[in-house]
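Trainee: Sending over a structure as structure tokens; questions will come in a sec.
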Amino acid sequence: MAAVAARGCGGVWRRAWQHGAGGPGPSPCGRRAAASSARGGAVPVGKSGLAPWVPVVGLEIHAQISSNSKLFSGSQVQFAAPPNSLVSFFDASLPGTLPVLNRRCVEAAVMTGLALNCSINKKSLFDRKHYFYADLPAGYQITQQRVPIAVNGSLSYSLCIDNKMSQMVTKTVRIKQIQLEQDSGKSLHDDTRSQTLVDLNRAGVGLMEVVMEPDMCCGEEAAAAVRELQLILQTLGSSQAVMAEGQLRVDANVSVHHPGEPYGVRTEVKNINSIRFLAKAVDYEIQRQIEELENGGTILNETRAFDSKLGCTVPMRDKEGKQDYRFMPEPNLPPLILYDAKSLPANMNHQQVINIDWIHERLPDLPSVTRAKLVERYGILPEHSFALLNEDGLTEFFENVVKQTQMKPKKVIGWILNVLLSYLKQHSLTVKESPVSSVLMADLLNLLEKKEISSTAAKQVMAIKAGNLKVLNKLIGLVQRETQGRSNPVLVKQLLEKKLSE
């Protein structure tokens with residue numbers, strides 16, 4: 001019998017067995033998990049009825065704080081710097097060196113906590129988390145295990161129903177805590193020489209660990225929540241959150257259980273560095289666990305990694321012998337004390353303390369607010385506001401075009417999303433790399449609005465600006481047809497190129 005899994009983000013995955021020779025077996029490693037939806041997938045009829053499964057997904061997200069220096073030292077933070085070129089004595093854990101807390105990192109954590117509706121602890125503590133690894137010179141990481149800087153928040157995110165942008169549902173995930181901690185160095189394994197090289201440039205870089213409660217049930221939800229968090233961090237400026245540079249790394253905790261039963265044994269998929277890979281990793285791990293359990297196996301409490309080439313998770317190490325991190329208070333750092341307007345002493349130097357209320361008053365509009373304003377101001381659809389914010393620089397591009405054209409915003413958004421954005425995605429370009437400027441697009445849309453050109457001609461001009469010479473030849477052919485072959489094609493080409501370069 002071949003196994004068939006059907007499920008959705010509604011919270012229950014169902015499974016049925018197709019009749020056939022042989023017994024059920026696990027799917028091959030490279031098999032792609034079926035796409036999930038916000039309301040649920042198809043429910044096949046099983047041999048002996050349906051056996052529903054409830055997936056549970058929680059996330060731990062490590063966001064690198066946007067700061068010029070590290071969390072406890074003055075070493076510079078720079079991506080792709082020469083190995084071991086940004087390492088202070090403290091980063092290398094030389095005896096006698098002491099940590100000095102970076103004010104910017106604290107402010108970034110407070111800002112993030114407020115944006116995620118957290119309670120900010122006016123008194124938080126630092127701890128040592130002990131474990132041995134080559135890229136952790138001190139043998140411990142300074143973190144906030146007991147009393148983190150922010151607790152009990154929430155994040156609202158939206159996702160499409162059945163992949164339809166016109167149908168969206170909003171969900172909320174609870175934020176357990178946000179804690180400040182050091183990043184570790186980087187180990188580079190050279191299999192050819194059978195050696196491991198260590199780069200300590202990243203050691204001591206400030207991180208915010210955002211711990212999300214297990215309120216999600218599929219890869220699509222996890223991906224949508226992380227994307228919304230990424231937008232918030234970038235809006236605040238507390239983290240650049242560029243996943244390709246390791247500035248946002250996700251650990252996913254996944255388990256499955258039958259309704260009404262206790263949660264199952266969970267596995268942790270570590271260091272996922274892409275939102276697309278996150279969705280695939282979570283969905284694959286859910287499917288793998290269901291197959292394992294229905295084949296009579298057991299789920300190990302283990303750490304796994306996602307192999308993006310094979311599209312599957314693979315074991316890293318098991319957690320059955322629970323590691324004792326020997327948490328202890330950090331003796332070289334006093335409690336971190338924050339103030340609000342009520343608790344701030346009158347004679348205190350404001351530059352020497354961090355005022356929670358002062359930071360709260362200066363929070364920028366969050367993505368949810370910006371989307372609502374776009375819908376209200378321009379009359380566009382809510383799903384269009386999501387598309388604008390999801391692409392860096394696209395909102396600004398849209399607003400610049402609207403300012404310079406007579407066309408209604410509802411029509412402008414169609415051109416930007418259906419024509420411009422489609423081209424950019426097809427050629428893996430960012431909005432800043434667009435060959436079509438907002439000024440050119442506004443000029444084209446003005447001509448289109450005045451009915452001086454057709455929509456086909458406008459698209460052809462945009463295609464030529466984007467480097468499509470076939471369209472230029474087509475325009476030359478149209479001129480030749482209009483002039484009944486009396487025009488000089490070389491001169492026509494030169495004139496067109498001159499006009500298009502203006």
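Identifiers in the structure tokens: chain A, B, ... in order shown; residue index from 1 per chain; ligand index from 1 in order shown.
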Can you list, as a list of chain:residue names, every protein, DNA or RNA residue that comes within 7 Å of His62 in chain A when you count only C-alpha atoms, leaving out same-chain residues fewer than 2 positions away?
Mentor: A:Glu60, A:Gln64, A:Leu207, A:Met208, A:Glu209, A:Val210, A:Leu248, A:Arg249, A:Val250
Trainee: Range 350-389 of chain A: which residues are alpha helix (DSSP H) by DSSP, as a PyMOL selection string?
Mentor: chain A and resi 356-361+367-378+382-389
Trainee: Got a sec: who's within 10 Å of range 432-434 of chain A, counting only C-alpha atoms, leaving out chain neighbours fewer than 2 positions off, as JSON, numbers by chain?
Mentor: {"A": [392, 393, 394, 397, 420, 421, 423, 424, 428, 429, 430, 436, 437, 438, 465, 466]}
Trainee: Which residues are close to Asn117 in chain A, i.e. within 8 Å by only C-alpha atoms, leaving aside same-chain residues fewer than 6 positions away? Reply as a PyMOL selection string.
Mentor: chain A and resi 152-155
Trainee: Could you check how far CA of Gln247 in chain A sits from CA of Cys217 in chain A, in Å to one decimal?
Mentor: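 Distance reported for this atom pair: 25.0 Å.
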Trainee: Using 9 Å as the limit and counting only C-alpha atoms, can you tabulate each residue of range 60-134 of chain A that touches range 178-196 of chain A, with its shortest atom-to-atom distance in Å and the two atoms involved, as a tab-separated table?
Mentor:
residue	atom	partner	partner_atom	distance
A:Gln64	CA	A:Asp183	CA	8.3
A:Lys70	CA	A:Gln182	CA	8.4
A:Leu71	CA	A:Gln182	CA	6.6
A:Phe72	CA	A:Gln182	CA	8.2
A:Cys105	CA	A:Leu180	CA	8.0
A:Val106	CA	A:Leu180	CA	7.8
A:Ala109	CA	A:Leu180	CA	7.2
A:Thr112	CA	A:Ile178	CA	8.5
A:Gly113	CA	A:Ile178	CA	6.9
A:Cys118	CA	A:Ile178	CA	8.5
A:Phe126	CA	A:Leu180	CA	8.4
A:Ala134	CA	A:Ser187	CA	7.4
Trainee: For those residues, write C-alpha atoms to a file as an mmCIF file, in the first residue's frame.
Mentor:
data_model
loop_
_atom_site.group_PDB
_atom_site.id
_atom_site.type_symbol
_atom_site.label_atom_id
_atom_site.label_comp_id
_atom_site.auth_asym_id
_atom_site.auth_seq_id
_atom_site.Cartn_x
_atom_site.Cartn_y
_atom_site.Cartn_z
ATOM 1 C CA GLN A 64 21.328 39.657 14.623
ATOM 2 C CA LYS A 70 29.375 43.489 19.406
ATOM 3 C CA LEU A 71 27.207 42.838 22.449
ATOM 4 C CA PHE A 72 29.969 42.925 25.097
ATOM 5 C CA CYS A 105 21.713 46.288 21.600
ATOM 6 C CA VAL A 106 19.562 46.838 24.692
ATOM 7 C CA ALA A 109 15.702 44.552 22.124
ATOM 8 C CA THR A 112 11.466 44.873 19.309
ATOM 9 C CA GLY A 113 9.702 43.771 22.487
ATOM 10 C CA CYS A 118 5.664 42.244 25.044
ATOM 11 C CA PHE A 126 22.360 37.564 32.381
ATOM 12 C CA ALA A 134 35.493 24.915 19.046
#
Trainee: Please measure the separation of CA of Ser93 in chain A and CA of Leu136 in chain A, giving the value in Å to one decimal.
Mentor: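 Straight-line distance from CA of Ser93 in chain A to CA of Leu136 in chain A works out to 8.9 Å.
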